[in-house]
Every structure is written in structure tokens, then in C-alpha cells.
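Novice: Dropping in data_1.txt, with compact mmCIF, C-alpha atoms and all ligand atoms.
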# COMPACT_ATOMS: atom_id res chain seq x y z
CA MET A 1 91.45 126.98 87.27
CA LYS A 2 90.21 124.01 89.33
CA THR A 3 92.44 122.17 91.76
CA TYR A 4 92.02 118.40 91.85
CA LEU A 5 93.19 116.55 94.93
CA VAL A 6 93.91 113.08 93.56
CA THR A 7 94.72 110.51 96.23
CA GLY A 8 96.62 107.34 95.36
CA GLY A 9 97.80 109.05 92.17
CA ALA A 10 101.08 107.11 92.10
CA GLY A 11 99.24 103.80 91.68
CA PHE A 12 97.95 102.17 88.51
CA ILE A 13 94.63 103.91 87.86
CA GLY A 14 95.47 107.12 89.73
CA SER A 15 98.57 107.76 87.59
CA ASN A 16 96.65 107.03 84.39
CA TYR A 17 93.95 109.43 85.60
CA ILE A 18 96.50 112.20 86.22
CA HIS A 19 97.89 111.74 82.69
CA TYR A 20 94.35 111.79 81.33
CA LEU A 21 93.41 114.94 83.25
CA LEU A 22 96.52 116.96 82.42
CA GLY A 23 96.32 115.82 78.81
CA LYS A 24 92.65 116.70 78.35
CA TYR A 25 92.34 119.98 80.27
CA LYS A 26 94.65 122.98 80.22
CA ASP A 27 93.02 124.74 83.17
CA VAL A 28 93.55 122.21 85.97
CA ASN A 29 95.96 121.89 88.85
CA VAL A 30 96.57 118.43 90.24
CA VAL A 31 97.81 117.67 93.75
CA ASN A 32 98.70 114.00 94.08
CA LEU A 33 98.59 112.77 97.69
CA ASP A 34 100.13 109.31 97.89
CA LYS A 35 101.75 107.35 100.71
CA LEU A 36 103.96 105.44 98.27
CA THR A 37 103.17 102.00 99.61
CA TYR A 38 104.65 99.06 97.68
CA ALA A 39 102.06 99.86 94.96
CA GLY A 40 102.88 103.57 94.63
CA ASN A 41 105.49 104.34 91.99
CA LEU A 42 106.67 107.78 90.95
CA ASP A 43 108.10 106.28 87.75
CA ASN A 44 104.45 106.23 86.58
CA LEU A 45 104.46 110.04 86.61
CA LYS A 46 107.83 110.88 85.06
CA GLN A 47 106.18 112.49 82.03
CA VAL A 48 104.36 115.07 84.17
CA GLU A 49 106.73 115.62 87.11
CA ASN A 50 107.92 118.95 85.70
CA ASP A 51 104.50 120.16 84.63
CA PRO A 52 103.83 123.37 86.63
CA ARG A 53 100.20 122.26 87.06
CA TYR A 54 101.25 119.09 88.91
CA LYS A 55 102.42 118.69 92.50
CA PHE A 56 103.26 115.53 94.44
CA VAL A 57 102.77 115.29 98.20
CA LYS A 58 103.99 112.17 99.98
CA GLY A 59 101.55 111.38 102.76
CA ASP A 60 98.79 109.24 104.19
CA ILE A 61 95.07 109.84 103.63
CA CYS A 62 94.63 108.88 107.29
CA ASP A 63 96.73 111.91 108.34
CA GLU A 64 94.05 114.36 109.47
CA LYS A 65 96.30 117.44 109.65
CA LEU A 66 97.78 116.98 106.19
CA VAL A 67 94.42 116.10 104.66
CA ASN A 68 92.82 119.22 106.19
CA GLU A 69 95.59 121.40 104.74
CA LEU A 70 95.28 119.95 101.23
CA MET A 71 91.48 119.92 101.29
CA ALA A 72 91.43 123.67 102.00
CA ASP A 73 92.84 124.35 98.51
CA ALA A 74 90.92 121.66 96.63
CA ASP A 75 87.87 122.06 94.39
CA VAL A 76 87.55 118.42 93.42
CA VAL A 77 88.65 115.29 95.27
CA VAL A 78 89.08 111.95 93.54
CA ASN A 79 89.86 109.22 96.06
CA PHE A 80 91.78 106.35 94.47
CA ALA A 81 93.99 105.66 97.49
CA ALA A 82 93.41 102.15 98.74
CA GLU A 83 94.98 98.83 99.41
CA SER A 84 93.79 97.11 96.28
CA HIS A 85 94.95 93.49 95.99
CA VAL A 86 92.50 90.75 97.04
CA ASP A 87 95.23 88.17 97.72
CA ARG A 88 97.06 90.53 100.08
CA SER A 89 93.77 91.32 101.85
CA ILE A 90 93.39 87.60 102.59
CA GLY A 91 96.88 87.44 104.10
CA SER A 92 96.73 90.69 106.10
CA PRO A 93 93.49 92.65 106.07
CA ASP A 94 94.52 95.33 108.61
CA ASP A 95 95.92 97.93 106.18
CA PHE A 96 92.81 97.49 104.04
CA ILE A 97 90.52 98.46 106.88
CA LYS A 98 92.80 101.34 107.88
CA THR A 99 93.32 102.93 104.47
CA ASP A 100 90.12 102.03 102.67
CA ASN A 101 87.81 102.90 105.59
CA PHE A 102 89.59 105.23 108.00
CA GLY A 103 91.32 106.99 105.10
CA ALA A 104 88.05 107.60 103.24
CA PHE A 105 86.49 108.81 106.51
CA THR A 106 89.40 111.23 107.11
CA LEU A 107 89.02 112.71 103.61
CA LEU A 108 85.25 113.03 103.95
CA GLU A 109 85.53 114.64 107.39
CA ALA A 110 87.93 117.22 105.95
CA ALA A 111 85.60 117.72 102.97
CA ARG A 112 82.61 118.48 105.15
CA ARG A 113 84.55 121.18 107.01
CA THR A 114 85.41 123.13 103.88
CA HIS A 115 83.80 123.94 100.55
CA ILE A 116 84.49 121.57 97.66
CA ASP A 117 82.58 121.14 94.38
CA ARG A 118 82.81 117.37 94.04
CA PHE A 119 84.10 114.32 95.93
CA VAL A 120 84.42 111.19 93.83
CA GLN A 121 84.79 107.95 95.75
CA ILE A 122 86.37 105.35 93.47
CA SER A 123 84.58 102.18 94.44
CA THR A 124 84.53 98.85 92.61
CA ASP A 125 82.17 96.28 91.09
CA GLU A 126 83.51 93.86 93.71
CA VAL A 127 81.21 95.45 96.32
CA TYR A 128 78.26 93.56 94.78
CA GLY A 129 79.96 90.18 95.19
CA SER A 130 79.69 87.32 92.75
CA ILE A 131 76.78 86.67 90.37
CA ASP A 132 76.21 83.47 88.37
CA ASN A 133 73.80 84.89 85.78
CA GLY A 134 72.72 88.39 84.82
CA SER A 135 74.38 91.55 86.09
CA PHE A 136 74.16 93.99 88.97
CA VAL A 137 72.51 97.41 88.79
CA GLU A 138 73.48 100.26 91.10
CA THR A 139 70.57 99.67 93.49
CA ASP A 140 71.29 95.97 94.07
CA PRO A 141 72.32 94.84 97.57
CA LEU A 142 76.04 94.81 98.33
CA MET A 143 77.45 91.38 99.26
CA PRO A 144 81.25 91.71 99.29
CA SER A 145 83.13 88.55 100.12
CA SER A 146 86.83 89.39 100.53
CA PRO A 147 88.40 91.71 103.12
CA TYR A 148 89.34 93.94 100.16
CA SER A 149 85.83 94.21 98.74
CA ALA A 150 84.33 94.54 102.23
CA SER A 151 86.64 97.45 103.08
CA LYS A 152 85.77 99.08 99.74
CA THR A 153 82.07 98.61 100.51
CA GLY A 154 82.61 100.37 103.83
CA ALA A 155 84.19 103.36 102.06
CA ASP A 156 81.45 103.39 99.40
CA ARG A 157 78.72 103.59 102.04
CA ILE A 158 80.61 106.01 104.33
CA ALA A 159 80.86 108.35 101.33
CA PHE A 160 77.13 108.00 100.68
CA SER A 161 76.35 108.73 104.34
CA TYR A 162 78.38 111.95 104.14
CA PHE A 163 76.21 113.07 101.24
CA VAL A 164 72.95 112.24 103.02
CA THR A 165 73.96 113.47 106.46
CA TYR A 166 76.26 116.41 105.80
CA GLY A 167 75.60 117.33 102.18
CA VAL A 168 79.15 116.58 101.00
CA PRO A 169 78.90 116.58 97.16
CA VAL A 170 79.71 112.91 96.75
CA LEU A 171 79.64 110.79 93.59
CA ILE A 172 80.44 107.08 93.67
CA THR A 173 81.78 105.03 90.76
CA ARG A 174 81.90 101.22 90.68
CA CYS A 175 84.19 100.05 87.92
CA SER A 176 85.05 96.58 86.67
CA ASN A 177 88.58 95.12 86.29
CA ASN A 178 91.02 97.53 84.61
CA TYR A 179 94.02 96.76 82.42
CA GLY A 180 96.64 98.98 80.81
CA PRO A 181 100.04 100.61 81.40
CA PHE A 182 101.56 101.04 84.90
CA HIS A 183 99.57 98.11 86.34
CA TYR A 184 101.45 96.58 89.27
CA PRO A 185 102.59 93.11 88.15
CA GLU A 186 100.85 91.19 90.92
CA LYS A 187 97.44 91.47 89.22
CA LEU A 188 96.35 88.92 86.61
CA ILE A 189 97.09 90.70 83.31
CA PRO A 190 100.43 92.41 84.06
CA LEU A 191 101.64 89.35 86.01
CA PHE A 192 100.82 86.96 83.18
CA VAL A 193 102.14 89.23 80.43
CA THR A 194 105.46 89.87 82.19
CA ASN A 195 105.83 86.22 83.25
CA ALA A 196 105.18 85.10 79.69
CA ILE A 197 107.77 87.55 78.36
CA GLU A 198 110.24 86.00 80.83
CA ASP A 199 109.14 82.42 80.00
CA LYS A 200 107.90 81.96 83.56
CA ASP A 201 104.83 80.04 84.72
CA MET A 202 101.40 81.66 84.70
CA PRO A 203 99.70 80.48 87.94
CA ILE A 204 95.98 80.01 87.23
CA TYR A 205 93.86 79.76 90.37
CA GLY A 206 91.41 76.82 90.54
CA ASP A 207 89.91 75.83 87.19
CA GLY A 208 90.55 79.21 85.53
CA LEU A 209 86.87 79.66 84.72
CA ASN A 210 86.26 82.66 86.96
CA VAL A 211 84.90 85.58 84.96
CA ARG A 212 85.83 89.25 85.11
CA ASP A 213 84.59 92.17 82.98
CA TRP A 214 87.67 93.96 81.61
CA ILE A 215 87.93 97.67 80.83
CA TYR A 216 90.90 99.59 79.42
CA VAL A 217 92.14 101.98 82.11
CA GLU A 218 91.78 105.08 79.89
CA ASP A 219 88.09 104.27 79.47
CA HIS A 220 87.75 104.10 83.26
CA CYS A 221 89.41 107.54 83.54
CA ASP A 222 87.05 108.87 80.89
CA GLY A 223 84.07 107.39 82.75
CA ILE A 224 85.14 109.10 85.99
CA ASP A 225 85.47 112.41 84.14
CA PHE A 226 82.01 111.94 82.65
CA VAL A 227 80.47 111.17 86.04
CA LEU A 228 82.20 114.19 87.58
CA ARG A 229 80.68 116.48 84.97
CA ASN A 230 77.28 114.85 84.50
CA GLY A 231 76.52 112.75 87.56
CA GLU A 232 73.86 113.55 90.11
CA LEU A 233 75.17 114.12 93.61
CA GLY A 234 74.78 111.19 96.00
CA GLU A 235 74.39 108.73 93.13
CA VAL A 236 76.29 105.59 92.17
CA TYR A 237 77.48 104.82 88.63
CA ASN A 238 78.63 101.45 87.32
CA ILE A 239 81.48 101.73 84.80
CA GLY A 240 82.15 98.54 82.86
CA GLY A 241 83.97 97.51 79.73
CA GLY A 242 81.40 94.98 78.51
CA ASN A 243 84.16 92.40 78.00
CA GLU A 244 83.49 89.34 80.13
CA LYS A 245 86.33 86.83 79.93
CA THR A 246 87.37 83.77 81.89
CA ASN A 247 90.88 83.86 83.30
CA LEU A 248 91.76 81.05 80.89
CA GLU A 249 90.62 83.14 77.93
CA ILE A 250 92.86 85.99 79.12
CA THR A 251 95.78 83.58 79.59
CA ASP A 252 95.35 82.07 76.13
CA TYR A 253 95.11 85.52 74.57
CA VAL A 254 98.41 86.57 76.16
CA LEU A 255 100.16 83.34 75.16
CA LYS A 256 99.00 83.62 71.56
CA LYS A 257 99.93 87.29 71.27
CA LEU A 258 103.42 86.69 72.65
CA ASP A 259 103.81 83.43 70.75
CA LYS A 260 104.57 81.46 73.93
CA PRO A 261 103.86 77.77 74.64
CA ASP A 262 100.82 76.42 76.49
CA SER A 263 103.20 74.74 78.93
CA LEU A 264 103.59 78.06 80.77
CA LYS A 265 100.05 77.58 82.14
CA ILE A 266 100.01 75.97 85.57
CA PHE A 267 96.96 75.35 87.70
CA VAL A 268 97.50 76.23 91.36
CA LYS A 269 95.45 76.11 94.56
CA ASP A 270 92.39 78.32 94.36
CA ARG A 271 92.14 81.68 96.15
CA PRO A 272 90.03 81.27 99.33
CA GLY A 273 86.54 82.71 98.81
CA HIS A 274 87.32 83.28 95.12
CA ASP A 275 84.41 85.20 93.55
CA ARG A 276 83.22 83.26 90.50
CA ARG A 277 81.90 86.03 88.30
CA TYR A 278 81.64 89.81 88.35
CA ALA A 279 79.15 91.46 86.03
CA ILE A 280 77.62 94.93 86.10
CA ASP A 281 74.84 96.51 84.12
CA CYS A 282 76.00 99.89 82.80
CA SER A 283 72.76 101.03 81.19
CA ARG A 284 72.52 103.96 83.58
CA LEU A 285 75.67 105.62 82.19
CA LYS A 286 74.82 104.48 78.68
CA LYS A 287 71.47 106.27 78.84
CA MET A 288 73.34 109.41 79.91
CA GLY A 289 75.48 109.15 76.76
CA TRP A 290 78.70 107.48 77.96
CA LYS A 291 80.31 104.32 76.65
CA PRO A 292 83.86 102.94 76.55
CA ASN A 293 85.89 103.89 73.48
CA TYR A 294 88.32 100.99 73.29
CA ASP A 295 87.75 97.64 71.68
CA PHE A 296 88.98 94.77 73.91
CA GLU A 297 91.45 93.19 71.48
CA ALA A 298 92.92 96.50 70.30
CA ALA A 299 93.41 97.69 73.90
CA MET A 300 94.84 94.31 75.01
CA ASP A 301 97.34 94.39 72.16
CA LYS A 302 98.30 97.97 73.06
CA THR A 303 98.72 96.91 76.70
CA ILE A 304 100.82 93.84 75.90
CA GLN A 305 102.98 95.98 73.62
CA TRP A 306 103.46 98.52 76.44
CA TYR A 307 104.90 95.79 78.70
CA VAL A 308 107.11 94.56 75.86
CA GLU A 309 108.48 98.08 75.40
CA ASN A 310 108.77 98.98 79.10
CA VAL A 311 110.71 96.05 80.49
CA GLU A 312 112.76 98.36 82.72
CA TRP A 313 109.60 99.65 84.42
CA TRP A 314 108.42 96.22 85.53
CA LYS A 315 111.83 94.59 86.04
CA LYS A 316 112.56 97.19 88.70
CA ILE A 317 109.35 96.24 90.50
CA LYS A 318 109.84 92.51 90.04
CA SER A 319 112.86 92.54 92.31
CA GLY A 320 112.97 93.29 96.02
CA GLU A 321 109.78 93.33 98.08
CA TYR A 322 107.68 91.96 95.25
CA MET A 323 109.75 88.80 94.94
CA GLU A 324 109.59 88.21 98.70
CA TYR A 325 105.79 88.34 98.50
CA TYR A 326 105.63 85.86 95.65
CA LYS A 327 108.14 83.44 97.14
CA ASN A 328 105.89 83.19 100.19
CA GLN A 329 102.73 82.80 98.11
CA TYR A 330 103.52 79.92 95.82
CA ASN A 331 107.00 78.73 96.78
CA LYS A 332 108.07 79.49 93.25
P1 LIG B 1 97.02 100.50 93.24
O1 LIG B 1 97.23 99.53 94.35
O2 LIG B 1 97.80 100.36 91.98
O3 LIG B 1 97.27 101.99 93.77
C1 LIG B 1 96.90 102.43 95.04
C2 LIG B 1 97.66 103.70 95.36
O4 LIG B 1 97.22 104.19 96.63
C3 LIG B 1 99.19 103.49 95.48
O5 LIG B 1 99.86 104.51 94.80
C4 LIG B 1 99.44 103.58 96.98
O6 LIG B 1 100.75 104.08 97.30
C5 LIG B 1 98.36 104.55 97.41
N1 LIG B 1 97.99 104.41 98.83
C6 LIG B 1 97.73 103.26 99.50
N2 LIG B 1 97.46 103.55 100.79
C7 LIG B 1 97.51 104.90 100.92
C8 LIG B 1 97.29 105.80 102.00
N3 LIG B 1 96.97 105.34 103.21
N4 LIG B 1 97.42 107.12 101.79
C9 LIG B 1 97.76 107.59 100.55
N5 LIG B 1 97.99 106.79 99.50
C10 LIG B 1 97.86 105.46 99.68
O7 LIG B 1 95.47 100.45 92.95
P2 LIG B 1 94.65 100.70 91.59
O8 LIG B 1 94.49 99.41 90.90
O9 LIG B 1 95.24 101.85 90.88
O10 LIG B 1 93.23 101.09 92.17
C11 LIG B 1 92.95 102.45 92.49
C12 LIG B 1 91.54 102.53 93.04
O11 LIG B 1 90.59 102.03 92.11
C13 LIG B 1 91.34 101.72 94.32
O12 LIG B 1 90.51 102.45 95.17
C14 LIG B 1 90.63 100.46 93.84
O13 LIG B 1 89.83 99.90 94.84
C15 LIG B 1 89.80 101.02 92.70
N6 LIG B 1 89.45 100.07 91.62
C16 LIG B 1 90.45 99.34 91.02
C17 LIG B 1 90.12 98.49 89.97
C18 LIG B 1 91.20 97.72 89.25
O14 LIG B 1 90.88 96.93 88.35
N7 LIG B 1 92.49 97.92 89.55
C19 LIG B 1 88.78 98.38 89.54
C20 LIG B 1 87.80 99.14 90.19
C21 LIG B 1 88.16 99.99 91.22
P1 LIG B 2 93.15 90.10 90.11
O1 LIG B 2 93.93 90.71 89.00
O2 LIG B 2 93.83 89.85 91.42
O3 LIG B 2 91.84 90.98 90.28
P2 LIG B 2 90.50 90.70 91.17
O4 LIG B 2 90.71 89.52 92.03
O5 LIG B 2 90.39 91.96 91.96
O6 LIG B 2 89.41 90.50 90.16
O7 LIG B 2 92.59 88.70 89.60
C1 LIG B 2 91.76 88.61 88.45
C2 LIG B 2 91.35 87.17 88.30
O8 LIG B 2 92.52 86.38 88.00
C3 LIG B 2 90.77 86.56 89.57
O9 LIG B 2 89.75 85.63 89.22
C4 LIG B 2 91.93 85.80 90.19
C5 LIG B 2 92.72 85.35 88.97
N1 LIG B 2 94.19 85.22 89.18
C6 LIG B 2 94.82 84.02 88.85
O10 LIG B 2 94.20 83.05 88.39
N2 LIG B 2 96.18 83.93 89.04
C7 LIG B 2 96.91 84.97 89.53
O11 LIG B 2 98.16 84.84 89.71
C8 LIG B 2 96.24 86.20 89.85
C9 LIG B 2 96.99 87.36 90.40
C10 LIG B 2 94.88 86.27 89.65
Could you take the file, read its structure, and then write that structure out as C-alpha cells?
Specialist:
Amino acid sequence: MKTYLVTGGAGFIGSNYIHYLLGKYKDVNVVNLDKLTYAGNLDNLKQVENDPRYKFVKGDICDEKLVNELMADADVVVNFAAESHVDRSIGSPDDFIKTDNFGAFTLLEAARRTHIDRFVQISTDEVYGSIDNGSFVETDPLMPSSPYSASKTGADRIAFSYFVTYGVPVLITRCSNNYGPFHYPEKLIPLFVTNAIEDKDMPIYGDGLNVRDWIYVEDHCDGIDFVLRNGELGEVYNIGGGNEKTNLEITDYVLKKLDKPDSLKIFVKDRPGHDRRYAIDCSRLKKMGWKPNYDFEAAMDKTIQWYVENVEWWKKIKSGEYMEYYKNQYNK
């Protein structure tokens, strides 16, 4: 029976990963360490809260004492905990540096003082920066351009240094943009889907021609699991969906699916330093035998349907702190 210490497990990808793990394997224990920031939501884990293999611990990955205690019982660490929203990192980068860098450092320090089998640092394709043509391979230089992607790059390289210097069994994954259930409705897809359902504007930054590569969250979870079992220690693995879309294409898809008018599209001031295009080459994982399972349209339809059926989940979030943030952003 392996014990997984999953950090940030109450967030979007972390909660999907916990569902994936407990669903796929009988012989795992999961300890979810999460600070429950604005993005952490225990509603995401209602289906597993009474599972005897699952335990929630409210706490900060920067808390050395707590992290040492939890690390002592862990076999595998998967570090999802991070401040994750680019727009917020532009407004106030401090928590990004604290959590994404000092938090990763605290976990790695604890890991090097005990025995663990694997430490997966969940990094992102944003560490490479923007690329006009072609796509990045794992050995390309890192050129992050937002405080978010720069703090994630710091964590990515701190993790690597702990492998090289101290022999911590680190694996690093760099995934593209995820979509799916439990996605906090400040990010493009859940914001636009829920706004469209409510007949509210969809604020497109700049000309809407920025490109992201979209992957269904369950495929990301599956990719992490594959890397954990088959990856070489100290190595980096790109995980992408192979679905490059402009933001306008995503917006039009959502409008069509929900049968909403084009007039909901509004063009707003561009994000400062807005990366034009993210693209990663995933041939490394492909050669090892992994590929995403979900087709883009089928998974988008499933995702949109999830938001249609789970109005209570996102309505609860779209009140309170969230609304304050958005009022200040666009005076809407
Ligand atoms: P999220 O913002 O939905 O979740 C982050 C979680 O971390 C929340 O539950 C939050 O409470 C928790 N957290 C924040 N600070 C913490 C701290 N100091 N201690 C403990 N817990 C803390 O983010 P997400 O979209 O689920 O992303 C998860 C990870 O995956 C992040 O590391 C992110 O950089 C990475 N990633 C995300 C994407 C994407 O498309 N969302 C793509 C590639 C990589
Ligand atoms: P986002 O979901 O914030 O992810 P990231 O910036 O990490 O890729 O944004 C995805 C794309 O959508 C990005 O190009 C910015 C754009 N965007 C908008 O046009 N309007 C919005 O309201 C948001 C949140 C994002």
C-alpha cells in the first residue's frame, strides 16, 4: 500500500488527480495537503471524503514542521500546490513566489531528509514562454514571461537541482492548458462557459488570436501516472493534448454548443505581456507509449455539460471573493 502525498489536491487538477488515483488503484492511500486558498474547494472532493484511503490536511506547503511530519509517511509526492492564475500574478506576484518557490523548496528539503520513492513536480508548458512557429522540446531554454510562469520555472529548476545535488527521486512534468470539471471559473474555459450560461459577456483579451494547446484534465492525470511509473529520474516530460486553438475558436465553440448569441463576445484590453502561443512537442512521451485518450470535441462537450449540470458548484464560487476580484479587473 503506497501513500501519496498530494499537495494542492483541493484545486482543479489536484482534485481530478485524487479521483483518478482512488478510482484506478485499490492499494493507495492519499493524503491531501491543501491551504484552501480562494482556489481550494473541498466541494471538489465530496465523492471521496468518506473513503478510508483518503485524508485531508489543511495546511501550507511552506510550513516546514507540518511538511516534515507528512513527508515521513509518504512514498510518493505529487506537488500541485501553487498560485496558478497569470492575471493574479500580474496584480500581486508575492504569493506566487512564496508558494511556488519557497513551498516547492520546503517539500524538497523534507524529501531529502527522508526516504521517498518518487517526487513529481507539476510544472507547466508556460516555463518555455511563447513560440510563434514550431514547438518546444524538453531540452529547450526556459524563457518564462509572467510572474506566474517565472515562479513555476523556479520550482521546476529547484526540483531538478535536488535530484542532481541530493539524489531526490524527482520527475518533472510540463503540461499544456487543462480543461474539465472543477475548474475555477476565472480561467478561460470555465469563465466563458459559465458566463454564457448566465448570458453574461465573455471578455476576450486583445484580438483573441492567442493560441493555447488544450488537454482534458483526465488525460493530464493519466500522463502524470504514466510518468510516475515509467519516467526516468531527473527527467522532464512534456504532456500536451495536441489541440491548438485560438481563444476565439474556443469562444465560438462554447457559444455554438450553448446556442448563445455572438453579441456575448466583447474585446477588452489585452493582458500585459500576454504570451502569443504555447506549443510543446510531446514525442518523448509518445515514443514511450503514452498519448491522450480524449478527443477535443468530445471532451469539450462533456466539460460544457458538466457546468450545465453543476450550476450550484460554480454559483457558490461566483459570489463573494470572486466577484470582488472581477469587479476590480474589468469594472463589470
Ligand atoms: P488551482 O489554482 O486550481 O489549485 C491550486 C491548489 O493549491 C488550490 O487548492 C490551493 O488551495 C492550493 N494551494 C495554493 N497555495 C498553497 C500552499 N501554500 N500550500 C498548500 N496548498 C496551496 O490550480 P490548478 O489549475 O489545479 O493547477 C495545479 C498545478 O498544475 C499548478 O502547479 C499549476 O501550475 C499546474 N498546471 C496547471 C495547468 C492548468 O491548465 N490549470 C497546466 C499545467 C500545469
Ligand atoms: P487562462 O485560462 O488564464 O490560462 P493561461 O493564461 O495560463 O494560458 O487563459 C487562457 C487564454 O485565454 C489566454 O490567452 C488568456 C485568454 N483569456 C481571455 O481572453 N479572457 C479571459 O477572461 C481569460 C481569463 C483568459
Novice: Pick from A:Glu109, A:Asp199, A:Asp125, A:Asp63: nearest to Ile158 (chain A), with only C-alpha atoms counted?
Specialist: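 Closest to Ile158 (chain A) of all the choices is A:Glu109.
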Novice: Around ligand LIG 2 (chain B), at most 10 Å away and counting all atoms listed in the file, which residues are there? Put them as a PyMOL selection string, please.
Specialist: chain A and resi 84-88+124-126+146+148-149+176-179+183-192+201-214+245-248+250-251+266-271+274-278+326+329-330
Novice: Once 6 Å is added on each side, what centre and edge lengths in Å to one decimal does the axis-aligned box around all listed atoms of region 298-308 of chain A have, as lines of an AutoDock Vina configuration file?
Specialist:
center_x = 100.0
center_y = 96.2
center_z = 74.5
size_x = 26.2
size_y = 16.7
size_z = 20.4
Novice: Find the residues near region 280-290 of chain A: any atom within 9 Å, counting only C-alpha atoms, skip ones fewer than 3 places away on the same chain, and give them as a PyMOL selection string.
Specialist: chain A and resi 125+128+134-138+174-176+213+222-223+226-227+230-231+237-242
Novice: Counting all atoms listed in the file, what is within 8 Å of Ile122 (chain A), bar same-chain residues fewer than 4 positions away, as an NGL selection string?
Specialist: :A and (78-80 or 156 or 172-175)
Novice: Please identify all protein, DNA and RNA residues within 6 Å of ligand LIG 1 (chain B), counting only C-alpha atoms and all ligand atoms, and report them as a VMD selection string.
Specialist: chain A and resid 7 to 14 33 to 37 39 to 40 59 to 62 80 to 84 99 122 to 124 175 to 178 184
Novice: Work out how far CA of Tyr54 (chain A) is from CA of Asn32 (chain A), in Å to one decimal.
Specialist: 7.7 Å
Novice: Might you pull out every residue within 8 Å of region 114-120 of chain A, with only C-alpha atoms counted and same-chain residues fewer than 6 positions away left off, and present them as a PDB file with C-alpha atoms, keeping the file's coordinate frame?
Specialist:
ATOM      1  CA  MET A  71      91.480 119.920 101.290  1.00  0.00           C
ATOM      2  CA  ALA A  72      91.430 123.670 102.000  1.00  0.00           C
ATOM      3  CA  ALA A  74      90.920 121.660  96.630  1.00  0.00           C
ATOM      4  CA  ASP A  75      87.870 122.060  94.390  1.00  0.00           C
ATOM      5  CA  VAL A  76      87.550 118.420  93.420  1.00  0.00           C
ATOM      6  CA  VAL A  77      88.650 115.290  95.270  1.00  0.00           C
ATOM      7  CA  VAL A  78      89.080 111.950  93.540  1.00  0.00           C
ATOM      8  CA  ASN A  79      89.860 109.220  96.060  1.00  0.00           C
ATOM      9  CA  VAL A 168      79.150 116.580 101.000  1.00  0.00           C
ATOM     10  CA  PRO A 169      78.900 116.580  97.160  1.00  0.00           C
ATOM     11  CA  VAL A 170      79.710 112.910  96.750  1.00  0.00           C
ATOM     12  CA  LEU A 171      79.640 110.790  93.590  1.00  0.00           C
ATOM     13  CA  ILE A 172      80.440 107.080  93.670  1.00  0.00           C
ATOM     14  CA  THR A 173      81.780 105.030  90.760  1.00  0.00           C
ATOM     15  CA  LEU A 228      82.200 114.190  87.580  1.00  0.00           C
TER      16      LEU A 228
END
Novice: Which distance in Å separates CA of Thr153 (chain A) and CA of Val127 (chain A), to one decimal?
Specialist: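 We find that CA of Thr153 (chain A) and CA of Val127 (chain A) lie 5.3 Å from each other.
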Novice: Can you put all heavy atoms back into region 212-218 of chain A and show it as an mmCIF file, in the frame of the given file?
Specialist:
data_model
loop_
_atom_site.group_PDB
_atom_site.id
_atom_site.type_symbol
_atom_site.label_atom_id
_atom_site.label_comp_id
_atom_site.auth_asym_id
_atom_site.auth_seq_id
_atom_site.Cartn_x
_atom_site.Cartn_y
_atom_site.Cartn_z
ATOM 1 N N ARG A 212 85.746 87.831 84.778
ATOM 2 C CA ARG A 212 85.830 89.250 85.110
ATOM 3 C C ARG A 212 85.431 90.052 83.873
ATOM 4 O O ARG A 212 85.621 89.593 82.743
ATOM 5 C CB ARG A 212 87.267 89.639 85.527
ATOM 6 C CG ARG A 212 87.805 88.888 86.769
ATOM 7 C CD ARG A 212 87.075 89.325 88.027
ATOM 8 N NE ARG A 212 87.566 88.708 89.247
ATOM 9 C CZ ARG A 212 87.019 87.642 89.822
ATOM 10 N NH1 ARG A 212 85.999 87.015 89.251
ATOM 11 N NH2 ARG A 212 87.490 87.181 90.973
ATOM 12 N N ASP A 213 84.919 91.259 84.099
ATOM 13 C CA ASP A 213 84.590 92.170 82.980
ATOM 14 C C ASP A 213 85.734 93.171 82.868
ATOM 15 O O ASP A 213 85.971 93.942 83.799
ATOM 16 C CB ASP A 213 83.261 92.882 83.284
ATOM 17 C CG ASP A 213 83.020 94.047 82.336
ATOM 18 O OD1 ASP A 213 83.555 94.026 81.215
ATOM 19 O OD2 ASP A 213 82.306 94.990 82.730
ATOM 20 N N TRP A 214 86.433 93.161 81.736
ATOM 21 C CA TRP A 214 87.670 93.960 81.610
ATOM 22 C C TRP A 214 87.422 95.286 80.894
ATOM 23 O O TRP A 214 86.743 95.337 79.875
ATOM 24 C CB TRP A 214 88.728 93.143 80.872
ATOM 25 C CG TRP A 214 89.167 91.969 81.693
ATOM 26 C CD1 TRP A 214 88.701 90.687 81.595
ATOM 27 C CD2 TRP A 214 90.108 91.969 82.775
ATOM 28 N NE1 TRP A 214 89.308 89.889 82.548
ATOM 29 C CE2 TRP A 214 90.170 90.647 83.280
ATOM 30 C CE3 TRP A 214 90.905 92.962 83.367
ATOM 31 C CZ2 TRP A 214 90.998 90.296 84.344
ATOM 32 C CZ3 TRP A 214 91.727 92.596 84.422
ATOM 33 C CH2 TRP A 214 91.773 91.285 84.907
ATOM 34 N N ILE A 215 88.024 96.336 81.442
ATOM 35 C CA ILE A 215 87.930 97.670 80.830
ATOM 36 C C ILE A 215 89.326 98.275 80.724
ATOM 37 O O ILE A 215 90.144 98.132 81.659
ATOM 38 C CB ILE A 215 86.976 98.596 81.653
ATOM 39 C CG1 ILE A 215 86.798 99.968 80.986
ATOM 40 C CG2 ILE A 215 87.467 98.791 83.081
ATOM 41 C CD1 ILE A 215 85.684 100.825 81.611
ATOM 42 N N TYR A 216 89.603 98.916 79.592
ATOM 43 C CA TYR A 216 90.900 99.590 79.420
ATOM 44 C C TYR A 216 90.923 100.798 80.358
ATOM 45 O O TYR A 216 89.938 101.544 80.455
ATOM 46 C CB TYR A 216 91.076 100.020 77.958
ATOM 47 C CG TYR A 216 92.453 100.545 77.661
ATOM 48 C CD1 TYR A 216 93.587 99.761 77.903
ATOM 49 C CD2 TYR A 216 92.639 101.812 77.140
ATOM 50 C CE1 TYR A 216 94.860 100.237 77.635
ATOM 51 C CE2 TYR A 216 93.913 102.301 76.856
ATOM 52 C CZ TYR A 216 95.021 101.500 77.123
ATOM 53 O OH TYR A 216 96.284 101.967 76.861
ATOM 54 N N VAL A 217 92.068 100.985 81.028
ATOM 55 C CA VAL A 217 92.140 101.980 82.110
ATOM 56 C C VAL A 217 91.763 103.396 81.636
ATOM 57 O O VAL A 217 91.155 104.172 82.375
ATOM 58 C CB VAL A 217 93.533 101.944 82.798
ATOM 59 C CG1 VAL A 217 94.653 102.317 81.842
ATOM 60 C CG2 VAL A 217 93.570 102.804 84.046
ATOM 61 N N GLU A 218 92.111 103.731 80.385
ATOM 62 C CA GLU A 218 91.780 105.080 79.890
ATOM 63 C C GLU A 218 90.265 105.269 79.802
ATOM 64 O O GLU A 218 89.755 106.370 80.025
ATOM 65 C CB GLU A 218 92.427 105.281 78.521
ATOM 66 C CG GLU A 218 92.544 106.742 78.127
ATOM 67 C CD GLU A 218 93.209 106.882 76.763
ATOM 68 O OE1 GLU A 218 94.297 106.307 76.559
ATOM 69 O OE2 GLU A 218 92.611 107.544 75.894
#
